[in-house]
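J.: So I've got this file, data.txt, and it contains compact mmCIF, C-alpha atoms:
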```txt
# COMPACT_ATOMS: atom_id res chain seq x y z
CA MET A 1 98.50 81.08 164.16
CA LYS A 2 101.23 80.97 161.54
CA GLU A 3 100.54 84.54 160.53
CA ASN A 4 100.86 85.65 164.14
CA GLU A 5 104.17 83.81 164.49
CA TRP A 6 105.50 85.48 161.39
CA GLY A 7 104.25 88.75 162.73
CA ARG A 8 106.09 88.24 166.02
CA LEU A 9 109.25 87.07 164.23
CA ALA A 10 109.23 90.07 161.93
CA ASN A 11 108.55 92.29 164.90
CA LYS A 12 111.60 90.93 166.72
CA MET A 13 113.73 91.22 163.59
CA LEU A 14 112.72 94.80 163.03
CA GLN A 15 113.36 95.67 166.63
CA LEU A 16 116.84 94.15 166.50
CA ILE A 17 117.71 95.94 163.30
CA ALA A 18 116.14 99.28 163.91
CA GLY A 19 116.28 99.66 167.62
CA ARG A 20 113.73 101.06 170.00
CA VAL A 21 113.11 104.16 167.91
CA SER A 22 111.43 102.24 165.17
CA SER A 23 109.31 100.07 167.42
CA LEU A 24 106.34 102.01 166.12
CA VAL A 25 107.11 100.87 162.60
CA ALA A 26 107.63 97.37 163.92
CA ARG A 27 104.28 97.41 165.64
CA ARG A 28 102.61 98.60 162.48
CA ALA A 29 104.35 95.92 160.49
CA THR A 30 103.28 93.32 163.02
CA LEU A 31 99.72 94.50 162.71
CA ALA A 32 99.99 94.34 158.96
CA LEU A 33 101.47 90.87 158.98
CA THR A 34 99.02 89.58 161.54
CA THR A 35 95.78 89.10 159.70
CA SER A 36 92.93 90.63 161.53
CA SER A 37 90.47 88.09 160.29
CA ALA A 38 91.31 85.18 162.56
CA ARG A 39 90.73 86.62 165.99
CA MET A 40 89.08 85.17 169.04
CA ALA A 41 85.73 86.80 169.12
CA SER A 42 84.91 86.99 172.75
CA HIS A 43 87.44 89.67 173.74
CA ALA A 44 89.16 92.60 172.05
CA PRO A 45 92.47 91.43 170.55
CA ASP A 46 95.66 93.11 171.81
CA PRO A 47 97.81 93.92 168.76
CA GLU A 48 101.07 93.11 170.53
CA VAL A 49 99.98 89.79 171.97
CA THR A 50 97.58 87.78 169.82
CA GLU A 51 96.74 84.48 171.38
CA ALA A 52 97.02 81.36 169.27
CA VAL A 53 93.81 80.55 167.46
CA ASP A 54 92.66 76.94 167.62
CA MET A 55 92.31 76.18 163.94
CA SER A 56 90.90 72.72 164.57
CA ARG A 57 87.61 74.32 165.60
CA PRO A 58 85.18 76.29 163.43
CA MET A 59 86.53 79.80 162.96
CA TYR A 60 85.02 83.16 162.30
CA TRP A 61 86.25 85.33 159.46
CA ASP A 62 85.08 88.39 157.58
CA ARG A 63 85.29 87.64 153.89
CA LEU A 64 83.42 89.21 151.01
CA ASP A 65 83.09 85.86 149.26
CA THR A 66 82.00 83.97 152.38
CA PRO A 67 79.03 85.82 153.81
CA LEU A 68 78.19 83.27 156.51
CA PRO A 69 81.28 82.05 158.38
CA ASP A 70 81.45 78.77 160.28
CA LYS A 71 80.60 80.29 163.60
CA LEU A 72 79.05 83.39 165.05
CA TYR A 73 81.26 86.27 166.00
CA LYS A 74 80.14 86.39 169.62
CA ASP A 75 79.64 83.02 171.19
CA GLU A 76 79.41 84.08 174.80
CA LEU A 77 76.25 86.09 175.20
CA SER A 78 75.28 88.21 178.12
CA ALA A 79 71.83 87.87 179.64
CA ALA A 80 70.54 90.86 177.68
CA GLU A 81 71.88 89.41 174.46
CA LYS A 82 70.31 86.05 175.22
CA SER A 83 66.94 87.65 175.74
CA LEU A 84 67.36 89.49 172.44
CA LYS A 85 68.03 86.16 170.79
CA GLU A 86 64.80 84.88 172.28
CA LYS A 87 62.96 87.88 170.87
CA GLU A 88 64.45 87.04 167.50
CA LYS A 89 62.38 83.86 167.48
CA GLY A 90 59.25 85.96 167.24
CA PRO A 91 58.14 88.23 164.39
CA TRP A 92 61.05 90.36 163.22
CA SER A 93 58.83 93.35 162.55
CA GLN A 94 58.60 93.75 166.32
CA LEU A 95 62.34 94.37 166.59
CA THR A 96 63.56 97.94 166.58
CA ASN A 97 66.34 98.97 164.22
CA GLU A 98 68.80 99.11 167.10
CA GLU A 99 67.89 95.56 168.09
CA LYS A 100 68.34 94.38 164.51
CA ILE A 101 71.75 96.03 164.33
CA ALA A 102 72.62 94.49 167.71
CA LEU A 103 71.64 91.05 166.41
CA TYR A 104 73.76 91.62 163.32
CA ARG A 105 76.76 92.61 165.42
CA LEU A 106 76.34 89.51 167.58
CA SER A 107 76.73 87.28 164.55
CA PHE A 108 79.17 89.36 162.55
CA HIS A 109 82.18 91.52 163.24
CA GLN A 110 82.43 93.77 160.22
CA THR A 111 79.75 94.84 157.78
CA TYR A 112 80.45 94.62 154.08
CA ALA A 113 80.98 98.36 154.03
CA GLU A 114 83.64 98.03 156.71
CA MET A 115 85.26 95.13 154.90
CA ASN A 116 85.38 97.13 151.69
CA GLN A 117 86.89 100.25 153.15
CA PRO A 118 90.31 101.17 151.81
CA LYS A 119 93.24 100.39 154.06
CA SER A 120 96.70 101.85 154.31
CA GLU A 121 98.36 98.47 154.36
CA TRP A 122 100.06 99.09 151.02
CA LYS A 123 102.06 101.93 152.54
CA THR A 124 103.52 99.52 155.08
CA VAL A 125 104.28 97.02 152.34
CA VAL A 126 106.00 99.55 150.08
CA GLY A 127 107.83 101.03 153.04
CA GLY A 128 109.00 97.60 154.05
CA ILE A 129 110.19 96.90 150.53
CA PHE A 130 112.25 100.09 150.43
CA PHE A 131 113.61 99.41 153.87
CA PHE A 132 114.86 95.94 153.02
CA VAL A 133 116.19 97.00 149.63
CA GLY A 134 118.09 99.77 151.41
CA PHE A 135 119.44 97.26 153.89
CA THR A 136 120.56 95.06 151.04
CA ALA A 137 122.34 98.05 149.53
CA LEU A 138 124.26 98.44 152.79
CA VAL A 139 125.21 94.77 152.69
CA VAL A 140 126.40 95.08 149.10
CA TRP A 141 128.48 98.17 149.93
CA TRP A 142 130.08 96.38 152.87
CA GLN A 143 130.93 93.46 150.60
CA ARG A 144 132.49 95.82 148.08
CA VAL A 145 134.70 97.36 150.74
CA TYR A 146 135.60 94.35 152.87
CA VAL A 147 135.16 91.24 150.76
CA TYR A 148 136.09 91.99 147.17
CA PRO A 149 139.73 91.36 146.21
CA PRO A 150 141.81 94.27 144.90
CA ARG A 151 140.94 95.64 141.46
CA PRO A 152 142.79 93.78 138.65
CA ARG A 153 145.50 95.85 136.97
CA THR A 154 143.99 95.09 133.59
CA PHE A 155 141.37 97.75 134.30
CA ASP A 156 143.91 100.56 134.52
CA ASP A 157 143.64 103.14 131.75
CA GLU A 158 147.24 102.61 130.70
CA TRP A 159 146.82 98.87 130.45
CA GLN A 160 143.54 99.29 128.53
CA ALA A 161 145.24 101.61 126.02
CA LYS A 162 148.06 99.14 125.45
CA GLN A 163 145.50 96.33 125.12
CA LEU A 164 143.55 98.24 122.52
CA GLN A 165 146.71 98.98 120.53
CA ARG A 166 147.64 95.29 120.66
CA MET A 167 144.21 94.31 119.37
CA LEU A 168 144.58 96.70 116.45
CA ASP A 169 148.08 95.39 115.72
CA MET A 170 146.73 91.83 115.68
CA ARG A 171 143.94 92.94 113.30
CA ILE A 172 141.17 91.60 115.53
CA ASN A 173 138.00 91.10 113.43
CA PRO A 174 139.34 93.10 110.46
CA ILE A 175 136.43 92.49 108.09
CA GLU A 176 133.28 93.40 109.94
CA GLY A 177 134.29 93.98 113.54
CA PHE A 178 136.82 95.76 115.67
CA SER A 179 139.76 96.47 113.34
CA SER A 180 137.50 97.25 110.43
CA LYS A 181 136.47 100.39 112.28
CA TRP A 182 140.09 101.63 112.51
CA ASP A 183 141.60 103.58 109.67
CA TYR A 184 145.18 102.26 109.47
CA GLU A 185 146.36 104.96 107.00
CA LYS A 186 145.22 107.88 109.04
CA GLY A 187 145.72 106.22 112.43
CA GLN A 188 142.29 107.03 113.79
CA TRP A 189 138.82 105.60 114.07
CA LYS A 190 136.79 105.66 110.92
CA MET B 1 69.06 94.17 132.46
CA ARG B 2 69.81 92.15 129.34
CA ASN B 3 72.64 94.30 128.17
CA ILE B 4 74.67 93.77 131.30
CA ALA B 5 76.37 90.65 130.05
CA PRO B 6 76.53 89.45 126.47
CA VAL B 7 74.74 86.14 126.91
CA TYR B 8 72.42 84.90 124.25
CA HIS B 9 69.02 83.73 125.34
CA CYS B 10 65.86 82.53 123.87
CA GLY B 11 62.74 82.93 125.88
CA ALA B 12 61.85 85.34 128.63
CA MET B 13 63.05 88.91 128.58
CA PHE B 14 64.39 88.85 132.08
CA ARG B 15 67.00 86.23 132.29
CA ALA B 16 66.80 83.64 134.96
CA VAL B 17 70.24 84.47 136.26
CA PHE B 18 72.35 87.57 135.85
CA ARG B 19 75.65 86.61 134.31
CA LEU B 20 78.54 88.81 135.32
CA SER B 21 81.36 87.50 133.20
CA ALA B 22 81.48 87.26 129.46
CA THR B 23 80.25 83.73 129.01
CA GLY B 24 78.85 84.85 125.70
CA ALA B 25 82.01 83.71 124.04
CA ARG B 26 81.33 80.18 125.17
CA SER B 27 77.78 80.21 123.90
CA LEU B 28 78.97 81.45 120.54
CA ALA B 29 81.18 78.41 120.22
CA ARG B 30 78.27 76.06 120.71
CA SER B 31 75.71 75.70 117.96
CA ARG B 32 72.63 75.81 120.19
CA ALA B 33 72.46 79.41 121.25
CA CYS B 34 69.56 78.95 123.61
CA TYR B 35 71.29 79.29 126.93
CA THR B 36 74.63 78.93 128.63
CA ALA B 37 75.14 77.24 131.94
CA PRO B 38 76.85 79.04 134.78
CA LEU B 39 78.22 75.86 136.25
CA ALA B 40 79.17 72.40 135.06
CA SER B 41 80.02 74.11 131.83
CA ARG B 42 82.83 72.12 130.39
CA CYS B 43 83.55 72.05 126.73
CA TYR B 44 82.53 68.48 126.10
CA SER B 45 79.98 68.14 123.36
CA HIS B 46 78.04 65.27 124.93
CA GLY B 47 77.69 66.65 128.46
CA LYS B 48 74.34 67.80 129.69
CA VAL B 49 74.15 71.56 130.15
CA GLU B 50 71.95 72.86 132.92
CA SER B 51 69.61 75.64 131.95
CA ASP B 52 69.16 78.80 133.98
CA GLU B 53 65.72 77.69 135.02
CA GLU B 54 67.02 74.35 136.22
CA PHE B 55 69.78 76.07 138.16
CA ASP B 56 67.33 78.43 139.82
CA ALA B 57 64.88 75.65 140.57
CA ARG B 58 67.59 73.55 142.14
CA TRP B 59 68.64 76.33 144.47
CA VAL B 60 65.11 77.33 145.36
CA THR B 61 64.46 73.72 146.29
CA TYR B 62 67.66 73.61 148.33
CA PHE B 63 66.67 76.54 150.50
CA SER B 64 63.04 75.49 150.67
CA LYS B 65 63.82 72.42 152.70
CA PRO B 66 61.48 72.79 155.68
CA ASP B 67 63.93 71.46 158.26
CA ILE B 68 67.02 73.09 156.77
CA ASP B 69 69.73 73.50 159.38
CA ALA B 70 72.14 76.34 159.99
CA TRP B 71 75.05 74.54 158.42
CA GLU B 72 73.12 73.86 155.22
CA LEU B 73 72.11 77.50 155.02
CA LYS B 74 75.70 78.65 155.45
CA LYS B 75 77.04 76.10 153.02
CA GLY B 76 74.39 76.96 150.45
CA MET B 77 74.89 80.69 150.69
CA ASN B 78 78.66 80.52 150.62
CA THR B 79 78.55 78.22 147.60
CA LEU B 80 76.02 80.42 145.84
CA ILE B 81 78.06 83.55 146.45
CA GLY B 82 81.08 81.70 145.12
CA TYR B 83 79.47 81.38 141.70
CA ASP B 84 80.08 83.96 139.02
CA LEU B 85 76.54 85.32 139.08
CA VAL B 86 74.09 87.30 141.16
CA PRO B 87 71.38 84.96 142.41
CA GLU B 88 67.88 85.46 141.12
CA ALA B 89 65.26 87.01 143.40
CA LYS B 90 63.41 83.75 143.84
CA ILE B 91 66.52 82.00 145.15
CA LEU B 92 67.13 84.82 147.60
CA ASP B 93 63.49 84.74 148.63
CA SER B 94 63.86 81.06 149.43
CA ALA B 95 67.08 81.71 151.34
CA LEU B 96 65.53 84.52 153.37
CA ARG B 97 62.63 82.29 154.31
CA ALA B 98 65.14 79.67 155.39
CA CYS B 99 66.71 82.31 157.65
CA ARG B 100 63.27 82.96 159.09
CA ARG B 101 62.78 79.27 159.86
CA LEU B 102 66.17 79.31 161.58
CA ASN B 103 65.33 82.51 163.50
CA ASP B 104 68.43 84.15 162.06
CA LEU B 105 67.85 87.78 161.16
CA ALA B 106 71.55 88.61 161.05
CA SER B 107 72.16 86.10 158.28
CA ALA B 108 69.24 87.51 156.31
CA ILE B 109 70.75 90.99 156.40
CA ARG B 110 74.16 89.51 155.59
CA ILE B 111 72.70 87.80 152.52
CA LEU B 112 71.41 91.12 151.23
CA GLU B 113 74.80 92.73 151.80
CA ALA B 114 76.55 89.88 150.03
CA VAL B 115 74.26 90.12 147.04
CA LYS B 116 74.86 93.84 146.73
CA ASP B 117 78.59 93.24 146.87
CA LYS B 118 78.28 90.46 144.32
CA ALA B 119 76.73 92.80 141.78
CA GLY B 120 79.95 94.77 141.82
CA PRO B 121 80.00 97.65 139.35
CA HIS B 122 76.49 96.85 138.08
CA LYS B 123 74.74 99.22 140.41
CA ASP B 124 71.25 98.61 139.10
CA ILE B 125 71.03 94.93 140.03
CA TYR B 126 70.70 95.37 143.78
CA PRO B 127 67.86 97.95 143.72
CA TYR B 128 66.03 95.70 141.27
CA LEU B 129 66.40 92.71 143.58
CA ILE B 130 65.26 94.70 146.59
CA GLN B 131 62.25 95.83 144.63
CA GLU B 132 61.46 92.24 143.73
CA LEU B 133 61.97 91.09 147.30
CA LYS B 134 60.00 93.95 148.89
CA PRO B 135 56.91 91.81 149.60
CA THR B 136 59.03 89.13 151.26
CA LEU B 137 61.06 91.65 153.21
CA SER B 138 58.00 93.35 154.63
CA GLU B 139 56.27 90.04 155.28
CA LEU B 140 59.20 88.67 157.25
CA GLY B 141 60.14 92.02 158.79
CA ILE B 142 63.67 92.03 157.37
CA SER B 143 65.22 95.49 157.16
CA THR B 144 67.65 96.16 154.34
CA PRO B 145 71.18 97.23 155.26
CA GLU B 146 70.31 100.68 153.92
CA GLU B 147 67.36 101.02 156.29
CA LEU B 148 69.59 100.07 159.20
CA GLY B 149 72.38 102.37 158.05
CA ILE B 150 75.02 99.66 158.04
CA ASP B 151 75.71 100.08 154.34
CA LYS B 152 77.72 103.15 155.29
CA LEU B 153 80.67 103.26 157.61
```
Represent the structure from my file as structure tokens, please.

T.:
Amino acid sequence: MKENEWGRLANKMLQLIAGRVSSLVARRATLALTTSSARMASHAPDPEVTEAVDMSRPMYWDRLDTPLPDKLYKDELSAAEKSLKEKEKGPWSQLTNEEKIALYRLSFHQTYAEMNQPKSEWKTVVGGIFFFVGFTALVVWWQRVYVYPPRPRTFDDEWQAKQLQRMLDMRINPIEGFSSKWDYEKGQWK
Amino acid sequence: MRNIAPVYHCGAMFRAVFRLSATGARSLARSRACYTAPLASRCYSHGKVESDEEFDARWVTYFSKPDIDAWELKKGMNTLIGYDLVPEAKILDSALRACRRLNDLASAIRILEAVKDKAGPHKDIYPYLIQELKPTLSELGISTPEELGIDKL
């Protein structure tokens, strides 16, 4: 449920920032942020509106390291599916391959092959990173223009030249440092 | 199969359990190089270390319980898959028979998939296990994921 809330929040945020044009990106981001694992099994989930999952009850999830989740994927069985379940109580060699696959799909959503398939989620993540970094750059630019006080006069070239001359006159760090690099006879850097 | 993981064994050529990670380093540290334990393996010198055979026997017994229930099967399998090893054929045989007692073909196929995934880059473990389990699979009528075509997308 938390993931879905974050997904909706991010979706709203993105829509506010980017406008209607980027609602596609927002939808993709919502999908990415909403984990597909915790879904109600009995009906196809709508990516825009994911109903809150009751996490106090046993949940189904597809995980490589948890082959047998707490509950079956499909809990509401049609009459045909119920009769197949009855047939499952008999010898399994009497089941056809299609029936075996059907029984598998009743209990499980994705096969291991489907779980392992490469996803494009990283593109959304990297894209999101660039987007928000870019937005931050805009914020920083705005601050530079509208918030920062005027540039101190000590940065002017003329002031810097006078400052440097004063430092040499005062013999700042004459042994190893600053003034030691200035050749006082010739009036230039060593 | 021995050269998959650098674990030192005395005894049978085929190890009781396939070790995936390099637990060899741990066995080197201990003076008795007979076997390393996959679990309960802390570095205290006085603690009892479980042998591979004991581990296997314990799990075979767990799944052999005649009135095992669905929860126990799930818990057992999820725990077993959580370990850093590929279960031995006899443990899987016991688990598949438990599935049969529970009339759960889907879980049996899922177990085979999980074991194949567990082997990771060691591609020769799964065919070996299927070969070992062939009699059980044909006896119980369990099709492998490959036979059903669900190992592909």

J.: Pull out every residue of chain A sitting within 9 Å of chain B, counting only C-alpha atoms, and send them as number ranges by chain.

T.: A: 64-70, 85, 88-95, 97-98, 100-108, 111-114, 117

J.: Could you turn the residues from that selection into a file that holds C-alpha atoms, as a short mmCIF file (atom, residue, chain, number, x, y, z; two decimals), in the coordinates of the input?

T.:
```cif
data_model
loop_
_atom_site.label_atom_id
_atom_site.label_comp_id
_atom_site.auth_asym_id
_atom_site.auth_seq_id
_atom_site.Cartn_x
_atom_site.Cartn_y
_atom_site.Cartn_z
CA LEU A 64 83.42 89.21 151.01
CA ASP A 65 83.09 85.86 149.26
CA THR A 66 82.00 83.97 152.38
CA PRO A 67 79.03 85.82 153.81
CA LEU A 68 78.19 83.27 156.51
CA PRO A 69 81.28 82.05 158.38
CA ASP A 70 81.45 78.77 160.28
CA LYS A 85 68.03 86.16 170.79
CA GLU A 88 64.45 87.04 167.50
CA LYS A 89 62.38 83.86 167.48
CA GLY A 90 59.25 85.96 167.24
CA PRO A 91 58.14 88.23 164.39
CA TRP A 92 61.05 90.36 163.22
CA SER A 93 58.83 93.35 162.55
CA GLN A 94 58.60 93.75 166.32
CA LEU A 95 62.34 94.37 166.59
CA ASN A 97 66.34 98.97 164.22
CA GLU A 98 68.80 99.11 167.10
CA LYS A 100 68.34 94.38 164.51
CA ILE A 101 71.75 96.03 164.33
CA ALA A 102 72.62 94.49 167.71
CA LEU A 103 71.64 91.05 166.41
CA TYR A 104 73.76 91.62 163.32
CA ARG A 105 76.76 92.61 165.42
CA LEU A 106 76.34 89.51 167.58
CA SER A 107 76.73 87.28 164.55
CA PHE A 108 79.17 89.36 162.55
CA THR A 111 79.75 94.84 157.78
CA TYR A 112 80.45 94.62 154.08
CA ALA A 113 80.98 98.36 154.03
CA GLU A 114 83.64 98.03 156.71
CA GLN A 117 86.89 100.25 153.15
#
```

J.: Can you measure CA of Ala89 (chain B) to CA of Ile130 (chain B) for me? One decimal in Å is fine.

T.: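 Calculated distance between CA of Ala89 (chain B) and CA of Ile130 (chain B) is 8.3 Å.
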
J.: Can you tell me how far CA of Phe178 (chain A) sits from CA of Arg151 (chain A), in Å to one decimal?

T.: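 Spanning CA of Phe178 (chain A) to CA of Arg151 (chain A) is a straight-line distance of 26.1 Å.
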
J.: CA of Glu99 (chain A) and CA of Ser64 (chain B), how far apart in Å?

T.: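 Between CA of Ser64 (chain B) and CA of Glu99 (chain A) the gap is 27.0 Å.
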
J.: With the input short on atoms, add N, CA, C and O atoms back to region 164-178 of chain A and write it as a PDB file, in the frame of the given file.

T.:
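The resulting file, part22.pdb, is shown below:
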```pdb
ATOM      1  N   LEU A 164     144.258  97.828 123.724  1.00  0.00           N
ATOM      2  CA  LEU A 164     143.550  98.240 122.520  1.00  0.00           C
ATOM      3  C   LEU A 164     144.527  98.305 121.339  1.00  0.00           C
ATOM      4  O   LEU A 164     144.229  97.846 120.231  1.00  0.00           O
ATOM      5  N   GLN A 165     145.706  98.881 121.612  1.00  0.00           N
ATOM      6  CA  GLN A 165     146.710  98.980 120.530  1.00  0.00           C
ATOM      7  C   GLN A 165     147.113  97.590 120.050  1.00  0.00           C
ATOM      8  O   GLN A 165     147.255  97.351 118.844  1.00  0.00           O
ATOM      9  N   ARG A 166     147.255  96.666 121.020  1.00  0.00           N
ATOM     10  CA  ARG A 166     147.640  95.290 120.660  1.00  0.00           C
ATOM     11  C   ARG A 166     146.563  94.650 119.805  1.00  0.00           C
ATOM     12  O   ARG A 166     146.883  93.943 118.833  1.00  0.00           O
ATOM     13  N   MET A 167     145.327  94.888 120.130  1.00  0.00           N
ATOM     14  CA  MET A 167     144.210  94.310 119.370  1.00  0.00           C
ATOM     15  C   MET A 167     144.235  94.853 117.938  1.00  0.00           C
ATOM     16  O   MET A 167     144.016  94.112 116.982  1.00  0.00           O
ATOM     17  N   LEU A 168     144.523  96.128 117.790  1.00  0.00           N
ATOM     18  CA  LEU A 168     144.580  96.700 116.450  1.00  0.00           C
ATOM     19  C   LEU A 168     145.756  96.119 115.684  1.00  0.00           C
ATOM     20  O   LEU A 168     145.651  95.812 114.491  1.00  0.00           O
ATOM     21  N   ASP A 169     146.894  95.951 116.380  1.00  0.00           N
ATOM     22  CA  ASP A 169     148.080  95.390 115.720  1.00  0.00           C
ATOM     23  C   ASP A 169     147.809  93.972 115.258  1.00  0.00           C
ATOM     24  O   ASP A 169     148.295  93.567 114.202  1.00  0.00           O
ATOM     25  N   MET A 170     147.032  93.227 116.037  1.00  0.00           N
ATOM     26  CA  MET A 170     146.730  91.830 115.680  1.00  0.00           C
ATOM     27  C   MET A 170     145.638  91.744 114.629  1.00  0.00           C
ATOM     28  O   MET A 170     145.342  90.654 114.165  1.00  0.00           O
ATOM     29  N   ARG A 171     145.044  92.914 114.282  1.00  0.00           N
ATOM     30  CA  ARG A 171     143.940  92.940 113.300  1.00  0.00           C
ATOM     31  C   ARG A 171     142.772  92.080 113.773  1.00  0.00           C
ATOM     32  O   ARG A 171     142.298  91.219 113.055  1.00  0.00           O
ATOM     33  N   ILE A 172     142.339  92.323 115.003  1.00  0.00           N
ATOM     34  CA  ILE A 172     141.170  91.600 115.530  1.00  0.00           C
ATOM     35  C   ILE A 172     139.955  91.962 114.690  1.00  0.00           C
ATOM     36  O   ILE A 172     139.657  93.137 114.488  1.00  0.00           O
ATOM     37  N   ASN A 173     139.250  90.927 114.211  1.00  0.00           N
ATOM     38  CA  ASN A 173     138.000  91.100 113.430  1.00  0.00           C
ATOM     39  C   ASN A 173     138.138  92.204 112.384  1.00  0.00           C
ATOM     40  O   ASN A 173     137.456  93.219 112.442  1.00  0.00           O
ATOM     41  N   PRO A 174     139.055  92.010 111.383  1.00  0.00           N
ATOM     42  CA  PRO A 174     139.340  93.100 110.460  1.00  0.00           C
ATOM     43  C   PRO A 174     138.275  93.339 109.407  1.00  0.00           C
ATOM     44  O   PRO A 174     138.275  94.361 108.730  1.00  0.00           O
ATOM     45  N   ILE A 175     137.377  92.369 109.203  1.00  0.00           N
ATOM     46  CA  ILE A 175     136.430  92.490 108.090  1.00  0.00           C
ATOM     47  C   ILE A 175     135.185  93.260 108.494  1.00  0.00           C
ATOM     48  O   ILE A 175     134.824  94.246 107.893  1.00  0.00           O
ATOM     49  N   GLU A 176     134.546  92.790 109.553  1.00  0.00           N
ATOM     50  CA  GLU A 176     133.280  93.400 109.940  1.00  0.00           C
ATOM     51  C   GLU A 176     133.364  94.043 111.305  1.00  0.00           C
ATOM     52  O   GLU A 176     132.545  94.863 111.654  1.00  0.00           O
ATOM     53  N   GLY A 177     134.326  93.643 112.115  1.00  0.00           N
ATOM     54  CA  GLY A 177     134.290  93.980 113.540  1.00  0.00           C
ATOM     55  C   GLY A 177     135.256  95.057 113.927  1.00  0.00           C
ATOM     56  O   GLY A 177     135.322  96.122 113.309  1.00  0.00           O
ATOM     57  N   PHE A 178     136.028  94.765 114.966  1.00  0.00           N
ATOM     58  CA  PHE A 178     136.820  95.760 115.670  1.00  0.00           C
ATOM     59  C   PHE A 178     137.785  96.527 114.753  1.00  0.00           C
ATOM     60  O   PHE A 178     137.696  97.747 114.601  1.00  0.00           O
TER      61      PHE A 178
END
```
